[in-house]
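Source file: upload_11.cif (mmCIF, C-alpha atoms)
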```
data_input
loop_
_atom_site.label_atom_id
_atom_site.label_comp_id
_atom_site.auth_asym_id
_atom_site.auth_seq_id
_atom_site.Cartn_x
_atom_site.Cartn_y
_atom_site.Cartn_z
CA MET A 67 38.42 -55.99 -37.18
CA THR A 68 41.53 -58.02 -36.43
CA THR A 69 42.96 -57.68 -32.98
CA PRO A 70 46.71 -57.15 -32.78
CA LYS A 71 48.43 -59.87 -30.71
CA ILE A 72 51.07 -57.54 -29.39
CA GLU A 73 51.44 -53.81 -29.60
CA ARG A 74 53.77 -51.23 -28.14
CA LEU A 75 52.77 -47.65 -27.42
CA ASP A 76 54.88 -44.76 -26.15
CA ILE A 77 53.54 -42.80 -23.19
CA ARG A 78 54.75 -39.22 -23.50
CA SER A 79 51.64 -37.05 -23.02
CA SER A 80 48.15 -37.18 -21.54
CA ASP A 81 46.84 -37.90 -25.05
CA ASP A 82 48.91 -41.09 -24.93
CA VAL A 83 47.13 -42.08 -21.70
CA VAL A 84 43.86 -41.95 -23.70
CA ARG A 85 45.51 -44.06 -26.44
CA VAL A 86 46.57 -46.65 -23.87
CA ARG A 87 42.95 -46.87 -22.69
CA GLN A 88 41.79 -47.40 -26.28
CA LEU A 89 44.44 -50.07 -26.89
CA ALA A 90 43.48 -51.86 -23.64
CA ARG A 91 39.83 -51.73 -24.73
CA THR A 92 40.57 -53.25 -28.15
CA LEU A 93 42.54 -56.12 -26.60
CA ALA A 94 40.00 -56.68 -23.81
CA LEU A 95 37.34 -57.05 -26.50
CA GLY A 96 39.62 -59.40 -28.41
CA ALA A 97 40.13 -61.53 -25.31
CA GLY A 98 36.36 -61.74 -24.93
CA LEU A 99 36.27 -60.17 -21.45
CA SER A 100 32.90 -59.30 -19.92
CA LEU A 101 31.90 -55.64 -19.84
CA VAL A 102 32.76 -55.31 -16.14
CA ASP A 103 36.17 -56.97 -16.64
CA GLN A 104 36.85 -54.76 -19.67
CA THR A 105 36.02 -51.69 -17.60
CA LYS A 106 38.29 -52.84 -14.76
CA ILE A 107 41.34 -53.52 -16.92
CA ILE A 108 40.92 -50.31 -18.95
CA THR A 109 40.70 -48.34 -15.71
CA ALA A 110 43.79 -50.10 -14.32
CA ALA A 111 45.63 -49.35 -17.59
CA SER A 112 44.67 -45.69 -17.30
CA GLU A 113 46.04 -45.45 -13.75
CA LEU A 114 49.33 -47.14 -14.66
CA ALA A 115 49.77 -45.11 -17.87
CA ARG A 116 49.34 -41.93 -15.86
CA ASN A 117 51.87 -43.15 -13.27
CA THR A 118 54.34 -43.87 -16.10
CA LEU A 119 53.83 -40.33 -17.37
CA ASP A 120 53.66 -38.38 -14.10
CA TYR A 121 56.15 -40.27 -11.95
CA GLY A 122 58.28 -42.16 -14.46
CA GLY A 123 58.76 -39.17 -16.75
CA GLY A 124 57.26 -41.11 -19.63
CA GLY A 125 57.88 -44.58 -20.96
CA PHE A 126 55.95 -47.18 -22.88
CA VAL A 127 53.43 -49.97 -22.61
CA VAL A 128 53.45 -53.37 -24.29
CA ALA A 129 49.97 -54.83 -24.65
CA GLU A 130 49.52 -58.51 -25.50
CA LEU A 131 46.68 -60.87 -26.11
CA VAL A 132 47.66 -64.00 -24.15
CA GLU A 133 46.41 -67.53 -23.83
CA ALA A 134 47.11 -70.08 -21.11
CA SER A 135 45.43 -73.42 -20.46
CA GLY A 136 42.59 -72.57 -22.79
CA ARG A 137 41.85 -69.17 -21.22
CA ARG A 138 42.31 -65.93 -23.06
CA GLY A 139 43.33 -62.69 -21.48
CA LEU A 140 45.40 -59.59 -21.90
CA ARG A 141 48.66 -58.56 -20.34
CA LEU A 142 49.96 -55.01 -20.11
CA THR A 143 53.56 -54.18 -19.25
CA PHE A 144 54.36 -50.58 -18.30
CA GLU A 145 58.01 -49.52 -18.26
CA ASP A 146 59.78 -46.29 -17.52
CA LYS A 147 63.33 -45.17 -16.84
CA GLY A 148 62.27 -42.74 -14.15
CA PRO A 149 63.47 -42.29 -10.57
CA GLY A 150 62.01 -45.61 -9.42
CA ILE A 151 60.09 -46.36 -6.24
CA PRO A 152 62.22 -46.71 -3.09
CA ASP A 153 59.49 -48.32 -0.95
CA ILE A 154 57.07 -50.38 -3.05
CA ASP A 155 54.98 -51.55 -0.08
CA ALA A 156 54.32 -47.95 0.89
CA ALA A 157 53.53 -47.00 -2.72
CA LEU A 158 50.92 -49.76 -2.92
CA LYS A 159 48.99 -48.37 0.06
CA ASP A 160 45.91 -46.29 -0.75
CA GLY A 161 46.50 -42.61 -0.16
CA PHE A 162 50.24 -42.79 -0.81
CA THR A 163 51.30 -40.12 -3.26
CA THR A 164 54.36 -38.05 -3.96
CA GLY A 165 52.56 -36.06 -6.64
CA LYS A 166 49.23 -34.45 -7.42
CA GLY A 167 47.17 -37.65 -7.50
CA MET A 168 44.99 -39.32 -4.90
CA GLY A 169 47.36 -42.20 -4.34
CA LEU A 170 44.92 -44.81 -5.64
CA GLY A 171 46.78 -45.66 -8.83
CA LEU A 172 49.04 -48.58 -7.90
CA GLY A 173 46.88 -50.18 -5.22
CA GLY A 174 43.77 -49.61 -7.33
CA ALA A 175 45.37 -51.13 -10.43
CA ARG A 176 46.36 -54.17 -8.37
CA ARG A 177 42.78 -54.65 -7.12
CA LEU A 178 41.40 -54.31 -10.65
CA SER A 179 43.72 -56.96 -12.13
CA ASN A 180 43.96 -60.75 -11.79
CA GLU A 181 47.75 -60.62 -11.90
CA PHE A 182 49.99 -57.82 -10.73
CA SER A 183 53.72 -57.54 -10.36
CA ILE A 184 56.03 -54.60 -9.89
CA HIS A 185 59.79 -54.24 -10.14
CA SER A 186 61.49 -51.00 -9.39
CA LYS A 187 65.00 -49.84 -8.62
CA PRO A 188 65.76 -46.33 -7.42
CA GLY A 189 67.52 -44.46 -10.22
CA GLU A 190 66.77 -47.11 -12.84
CA GLY A 191 63.04 -47.15 -13.39
CA THR A 192 59.87 -49.09 -12.81
CA LYS A 193 58.15 -52.00 -14.53
CA VAL A 194 54.57 -52.95 -13.73
CA VAL A 195 52.84 -55.97 -15.29
CA ILE A 196 49.10 -56.58 -15.03
CA ALA A 197 46.86 -59.21 -16.57
CA ARG A 198 43.16 -59.92 -16.66
CA TRP A 199 41.79 -63.32 -17.70
CA LYS A 200 38.46 -64.29 -19.13
CA MET B 267 42.60 -26.74 -27.19
CA ASP B 268 39.35 -28.72 -27.16
CA ARG B 269 36.71 -27.78 -24.62
CA ILE B 270 33.68 -29.65 -23.29
CA PRO B 271 30.61 -27.49 -24.02
CA ILE B 272 28.64 -26.15 -21.06
CA LEU B 273 24.95 -25.39 -21.73
CA LYS B 274 22.88 -23.03 -19.62
CA PHE B 275 19.19 -23.43 -19.04
CA GLY B 276 17.42 -21.40 -16.41
CA ASN B 277 19.49 -21.41 -13.25
CA ALA B 278 21.28 -24.62 -14.10
CA LEU B 279 24.27 -25.69 -16.20
CA LEU B 280 24.32 -28.89 -18.22
CA VAL B 281 27.46 -30.76 -19.25
CA THR B 282 27.41 -33.92 -21.32
CA ILE B 283 30.81 -35.58 -21.50
CA GLN B 284 30.88 -37.46 -24.79
CA VAL B 285 34.58 -37.92 -25.39
CA ASP B 286 37.31 -39.95 -23.74
CA MET B 287 38.83 -37.06 -21.80
CA HIS B 288 42.55 -36.58 -21.45
CA ASP B 289 43.65 -35.04 -18.18
CA ARG B 290 44.07 -31.49 -19.47
CA LEU B 291 40.54 -31.54 -20.88
CA ALA B 292 39.20 -32.65 -17.50
CA THR B 293 41.11 -29.88 -15.73
CA ALA B 294 39.84 -27.33 -18.27
CA LEU B 295 36.25 -28.45 -17.66
CA GLU B 296 36.72 -27.99 -13.92
CA GLU B 297 37.95 -24.42 -14.45
CA ASP B 298 35.31 -23.57 -17.08
CA LEU B 299 32.46 -24.81 -14.90
CA THR B 300 33.67 -22.83 -11.93
CA SER B 301 33.72 -19.58 -13.88
CA LYS B 302 30.33 -20.27 -15.54
CA ILE B 303 28.70 -20.92 -12.15
CA VAL B 304 29.77 -17.45 -11.08
CA GLU B 305 29.06 -15.79 -14.43
CA TYR B 306 25.47 -17.09 -14.64
CA GLY B 307 24.76 -17.32 -10.91
CA ALA B 308 23.91 -20.96 -11.51
CA LYS B 309 22.30 -22.90 -8.66
CA GLY B 310 22.68 -26.33 -10.17
CA VAL B 311 25.16 -28.27 -12.29
CA LEU B 312 24.14 -31.46 -14.06
CA ILE B 313 26.96 -33.64 -15.42
CA ASP B 314 25.93 -36.49 -17.70
CA ILE B 315 28.61 -39.20 -17.84
CA SER B 316 26.50 -41.88 -19.57
CA ALA B 317 28.89 -41.91 -22.53
CA LEU B 318 31.97 -42.51 -20.34
CA GLU B 319 33.30 -46.07 -20.56
CA ILE B 320 35.60 -45.58 -17.62
CA VAL B 321 36.06 -43.18 -14.73
CA ASP B 322 39.57 -43.45 -13.32
CA SER B 323 40.97 -41.72 -10.23
CA PHE B 324 41.75 -38.52 -12.18
CA ILE B 325 38.24 -38.10 -13.58
CA GLY B 326 36.79 -39.19 -10.23
CA ARG B 327 38.78 -36.51 -8.50
CA MET B 328 37.61 -33.95 -11.08
CA LEU B 329 33.97 -34.82 -10.28
CA ASP B 330 34.71 -34.54 -6.55
CA ASN B 331 36.42 -31.17 -7.04
CA ILE B 332 33.58 -29.78 -9.17
CA ALA B 333 31.05 -30.83 -6.52
CA ALA B 334 33.11 -29.28 -3.71
CA VAL B 335 33.79 -26.00 -5.53
CA SER B 336 30.18 -25.61 -6.69
CA ARG B 337 28.95 -26.21 -3.13
CA ILE B 338 31.14 -23.35 -1.93
CA LEU B 339 29.70 -21.21 -4.75
CA ASP B 340 26.13 -22.14 -3.66
CA ALA B 341 25.35 -24.51 -6.51
CA ASP B 342 24.42 -28.20 -6.36
CA THR B 343 26.20 -30.72 -8.59
CA VAL B 344 24.46 -33.90 -9.68
CA VAL B 345 26.32 -36.55 -11.69
CA VAL B 346 23.97 -38.68 -13.77
CA GLY B 347 24.08 -41.71 -16.03
CA MET B 348 27.00 -43.64 -14.56
CA ARG B 349 27.21 -47.07 -16.18
CA PRO B 350 26.90 -50.04 -13.80
CA ALA B 351 30.34 -51.43 -14.79
CA VAL B 352 31.86 -48.01 -14.09
CA ALA B 353 30.25 -47.87 -10.64
CA ILE B 354 31.57 -51.36 -9.76
CA THR B 355 35.06 -50.44 -10.97
CA LEU B 356 35.12 -47.10 -9.11
CA VAL B 357 34.32 -48.74 -5.79
CA GLU B 358 36.97 -51.41 -6.32
CA LEU B 359 39.46 -48.71 -7.28
CA GLY B 360 38.77 -47.14 -3.88
CA LEU B 361 36.82 -44.08 -4.99
CA SER B 362 33.30 -43.86 -3.62
CA LEU B 363 32.66 -40.21 -4.59
CA THR B 364 31.13 -39.49 -1.20
CA GLY B 365 30.95 -35.76 -1.86
CA VAL B 366 29.10 -36.10 -5.16
CA LYS B 367 25.32 -36.28 -5.54
CA THR B 368 24.27 -38.80 -8.16
CA ALA B 369 21.09 -39.76 -10.00
CA LEU B 370 20.39 -42.62 -12.37
CA ASN B 371 19.47 -40.46 -15.36
CA VAL B 372 19.13 -36.88 -16.57
CA GLU B 373 15.43 -36.74 -15.70
CA ARG B 374 16.00 -37.67 -12.06
CA GLY B 375 19.03 -35.41 -11.86
CA MET B 376 17.01 -32.45 -13.13
CA ALA B 377 14.28 -33.27 -10.59
CA LEU B 378 16.91 -33.06 -7.80
CA ILE B 379 18.13 -29.70 -9.05
CA HIS B 380 14.59 -28.36 -9.51
CA ALA B 381 13.69 -29.41 -5.99
CA ARG B 382 16.67 -27.44 -4.75
CA LEU B 383 15.71 -24.42 -6.91
CA LYS B 384 12.16 -24.43 -5.53
CA THR B 385 13.46 -24.42 -1.98
CA SER B 386 15.80 -21.53 -2.66
CA ASP B 387 12.99 -19.67 -4.52
CA SER B 388 10.68 -19.96 -1.52
CA GLU B 389 13.53 -18.81 0.73
CA ASP B 390 13.82 -15.75 -1.51
CA ASP B 391 10.04 -15.20 -1.21
CA ASP B 392 10.27 -15.45 2.55
CA ALA B 393 13.00 -12.87 2.53
CA GLU B 394 10.75 -10.47 0.61
CA ASP B 395 7.81 -10.93 3.02
#
```

Can you present the structure in this file as structure tokens?
Amino acid sequence: MTTPKIERLDIRSSDDVVRVRQLARTLALGAGLSLVDQTKIITAASELARNTLDYGGGGFVVAELVEASGRRGLRLTFEDKGPGIPDIDAALKDGFTTGKGMGLGLGGARRLSNEFSIHSKPGEGTKVVIARWK
Amino acid sequence: MDRIPILKFGNALLVTIQVDMHDRLATALEEDLTSKIVEYGAKGVLIDISALEIVDSFIGRMLDNIAAVSRILDADTVVVGMRPAVAITLVELGLSLTGVKTALNVERGMALIHARLKTSDSEDDDAED
């Protein structure tokens, strides 16, 4: 099986959230991540895909196999054109939710990743980038 | 829509989750289990998640909800077969499933439920005396 280097997937339904998990799994395998690291990044991808769907009103993910100074990893970029997050610090706190979730998604995804960055503007949308390295 | 099958044996219900569940499927399972507990008067629910590669906050919450609802309906829920990598990830995610009883495998989970059934049987006997 050849691993795609970069792939884009729309997130429009809860079936797409499952597809994002599967895509993250394929790339995590391709990057040679350990089983625990695979599980962490797939779980983080699932949380962020659901956020994109539930709070961003849908969007897409770009998944890439990356390499830097001899290390392989995967990077996932989630983007939506939803309402945005007015207070990112508050949104990163466990238990913060404006919806039906438990409020573990953003903070949890950050803990499960090696790299995490978020950019959001009210009225324009949200972009979250995570990476996990071997 | 797809459904996760729920098997009945004796006073207990057995669910083996073998697919990567989307959120609606998880919600449907929660509802189905609740009605089957009442329909069969089940005293125990065994959920085997050994095939699950990940448990995220949504599925974790589903397990918590099932345990809480079944407790109110006088049934015990035991989640069995969680993979070690899933357990590590869940804790780091911030979900410790404090309301959910767990066992390493189906055998031990059944033993927990049987122990509970025996206790409630002897309570019934006492009531008859």

Open item on the list: So, with all atoms listed in the file as the atoms that count, which of A:Lys147, A:Lys71, A:Arg141, A:Arg116 lies closest to A:Ser186?
Closed with: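 Smallest distance to A:Ser186 is found for A:Lys147.
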
- [ ] Using atom CA of A:Val83 and atom CA of B:Asp289 as the two end points, give the distance in Å to one decimal.
- [x]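 Calculated distance between atom CA of A:Val83 and atom CA of B:Asp289 is 8.6 Å.
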
TODO: Go through the shown structure with the PyMOL selection byres ((chain B) within 9 of (chain A)) and write out the matching residues as a ChimeraX atom specification.
DONE: /B:286-290,319-324,327,350-352,354-356,358-361

Task: Atomic separation - atom CA of B:Val345 relative to atom CA of B:Ala381, Å - done: 15.6 Å

Give me the result of the PyMOL selection byres ((chain B and resi 302) around 12) on this file, residue by residue, as a short mmCIF file (atom, residue, chain, number, x, y, z; two decimals) with C-alpha atoms, in the coordinates of the input.
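File produced: expr.cif:
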```
data_model
loop_
_atom_site.label_atom_id
_atom_site.label_comp_id
_atom_site.auth_asym_id
_atom_site.auth_seq_id
_atom_site.Cartn_x
_atom_site.Cartn_y
_atom_site.Cartn_z
CA PRO B 271 30.61 -27.49 -24.02
CA ILE B 272 28.64 -26.15 -21.06
CA LEU B 273 24.95 -25.39 -21.73
CA LYS B 274 22.88 -23.03 -19.62
CA ASN B 277 19.49 -21.41 -13.25
CA ALA B 278 21.28 -24.62 -14.10
CA LEU B 279 24.27 -25.69 -16.20
CA LEU B 280 24.32 -28.89 -18.22
CA VAL B 281 27.46 -30.76 -19.25
CA LEU B 295 36.25 -28.45 -17.66
CA GLU B 296 36.72 -27.99 -13.92
CA GLU B 297 37.95 -24.42 -14.45
CA ASP B 298 35.31 -23.57 -17.08
CA LEU B 299 32.46 -24.81 -14.90
CA THR B 300 33.67 -22.83 -11.93
CA SER B 301 33.72 -19.58 -13.88
CA ILE B 303 28.70 -20.92 -12.15
CA VAL B 304 29.77 -17.45 -11.08
CA GLU B 305 29.06 -15.79 -14.43
CA TYR B 306 25.47 -17.09 -14.64
CA GLY B 307 24.76 -17.32 -10.91
CA ALA B 308 23.91 -20.96 -11.51
CA LYS B 309 22.30 -22.90 -8.66
CA GLY B 310 22.68 -26.33 -10.17
CA VAL B 311 25.16 -28.27 -12.29
CA ILE B 332 33.58 -29.78 -9.17
CA SER B 336 30.18 -25.61 -6.69
CA LEU B 339 29.70 -21.21 -4.75
CA ALA B 341 25.35 -24.51 -6.51
#
```

TODO: For atom CA of A:Lys193 and atom CA of A:Phe144, quote the distance in Å rounded to one decimal.
DONE: 5.5 Å

TODO: Can you give me, as a list of chain:residue names, the residues this file yields under the PyMOL selection byres ((chain A and resi 188) around 12)?
DONE: A:Gly122, A:Asp146, A:Lys147, A:Gly148, A:Pro149, A:Gly150, A:Ile151, A:Pro152, A:Asp153, A:Ile154, A:His185, A:Ser186, A:Lys187, A:Gly189, A:Glu190, A:Gly191, A:Thr192, A:Lys193

Task: Which residue of B:Thr364, B:Met328, B:Asp340, B:Asn371 approaches B:Ser386 most closely, using all atoms listed in the file - done: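 Once distances to B:Ser386 are computed over all atoms listed in the file, the minimum belongs to B:Asp340.
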
Could you give me, as a PDB file with C-alpha atoms, in the coordinates of the input, the residues within 9 Å of B:Ser316, counting all atoms listed in the file and dropping anything in the same chain fewer than 3 positions from it?
```pdb
ATOM      1  CA  THR B 282      27.410 -33.920 -21.320  1.00  0.00           C
ATOM      2  CA  ILE B 283      30.810 -35.580 -21.500  1.00  0.00           C
ATOM      3  CA  GLN B 284      30.880 -37.460 -24.790  1.00  0.00           C
ATOM      4  CA  GLU B 319      33.300 -46.070 -20.560  1.00  0.00           C
ATOM      5  CA  VAL B 346      23.970 -38.680 -13.770  1.00  0.00           C
ATOM      6  CA  GLY B 347      24.080 -41.710 -16.030  1.00  0.00           C
ATOM      7  CA  MET B 348      27.000 -43.640 -14.560  1.00  0.00           C
ATOM      8  CA  ARG B 349      27.210 -47.070 -16.180  1.00  0.00           C
ATOM      9  CA  ASN B 371      19.470 -40.460 -15.360  1.00  0.00           C
TER      10      ASN B 371
END
```

Open item on the list: Which residue is closest to A:Ala129? Choose from A:Arg78, A:Val194, A:Ser183, A:Ala157 and count all atoms listed in the file.
Closed with: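 Checking each of A:Arg78, A:Val194, A:Ser183, A:Ala157 against A:Ala129, counting all atoms listed in the file, the winner is A:Val194.
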
Task: Residue with smallest distance to B:Gly326 - pool B:Ile270, B:Leu383, B:Val357, B:Ala369, counting only C-alpha atoms - done: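 When distances to B:Gly326 are compared using only C-alpha atoms, the smallest one comes from B:Val357.
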
Please fill the gaps in stretch 275-287 of chain B so it has N, CA and C atoms, and write that as a PDB file, keeping the file's coordinate frame.
```pdb
ATOM      1  N   PHE B 275      20.632 -23.573 -18.919  1.00  0.00           N
ATOM      2  CA  PHE B 275      19.190 -23.430 -19.040  1.00  0.00           C
ATOM      3  C   PHE B 275      18.616 -23.062 -17.685  1.00  0.00           C
ATOM      4  N   GLY B 276      17.910 -21.927 -17.684  1.00  0.00           N
ATOM      5  CA  GLY B 276      17.420 -21.400 -16.410  1.00  0.00           C
ATOM      6  C   GLY B 276      18.583 -21.142 -15.482  1.00  0.00           C
ATOM      7  N   ASN B 277      18.449 -21.637 -14.260  1.00  0.00           N
ATOM      8  CA  ASN B 277      19.490 -21.410 -13.250  1.00  0.00           C
ATOM      9  C   ASN B 277      20.498 -22.539 -13.188  1.00  0.00           C
ATOM     10  N   ALA B 278      20.408 -23.446 -14.174  1.00  0.00           N
ATOM     11  CA  ALA B 278      21.280 -24.620 -14.100  1.00  0.00           C
ATOM     12  C   ALA B 278      22.225 -24.704 -15.311  1.00  0.00           C
ATOM     13  N   LEU B 279      23.308 -25.432 -15.117  1.00  0.00           N
ATOM     14  CA  LEU B 279      24.270 -25.690 -16.200  1.00  0.00           C
ATOM     15  C   LEU B 279      24.244 -27.176 -16.526  1.00  0.00           C
ATOM     16  N   LEU B 280      24.348 -27.492 -17.802  1.00  0.00           N
ATOM     17  CA  LEU B 280      24.320 -28.890 -18.220  1.00  0.00           C
ATOM     18  C   LEU B 280      25.593 -29.229 -18.999  1.00  0.00           C
ATOM     19  N   VAL B 281      26.250 -30.292 -18.577  1.00  0.00           N
ATOM     20  CA  VAL B 281      27.460 -30.760 -19.250  1.00  0.00           C
ATOM     21  C   VAL B 281      27.263 -32.225 -19.632  1.00  0.00           C
ATOM     22  N   THR B 282      27.454 -32.530 -20.894  1.00  0.00           N
ATOM     23  CA  THR B 282      27.410 -33.920 -21.320  1.00  0.00           C
ATOM     24  C   THR B 282      28.791 -34.290 -21.821  1.00  0.00           C
ATOM     25  N   ILE B 283      29.455 -35.192 -21.106  1.00  0.00           N
ATOM     26  CA  ILE B 283      30.810 -35.580 -21.500  1.00  0.00           C
ATOM     27  C   ILE B 283      30.702 -36.718 -22.502  1.00  0.00           C
ATOM     28  N   GLN B 284      31.071 -36.453 -23.744  1.00  0.00           N
ATOM     29  CA  GLN B 284      30.880 -37.460 -24.790  1.00  0.00           C
ATOM     30  C   GLN B 284      32.171 -37.957 -25.400  1.00  0.00           C
ATOM     31  N   VAL B 285      33.300 -37.470 -24.857  1.00  0.00           N
ATOM     32  CA  VAL B 285      34.580 -37.920 -25.390  1.00  0.00           C
ATOM     33  C   VAL B 285      35.406 -38.556 -24.284  1.00  0.00           C
ATOM     34  N   ASP B 286      36.344 -39.386 -24.678  1.00  0.00           N
ATOM     35  CA  ASP B 286      37.310 -39.950 -23.740  1.00  0.00           C
ATOM     36  C   ASP B 286      38.257 -38.808 -23.374  1.00  0.00           C
ATOM     37  N   MET B 287      38.100 -38.276 -22.166  1.00  0.00           N
ATOM     38  CA  MET B 287      38.830 -37.060 -21.800  1.00  0.00           C
ATOM     39  C   MET B 287      40.285 -37.336 -21.430  1.00  0.00           C
TER      40      MET B 287
END
```
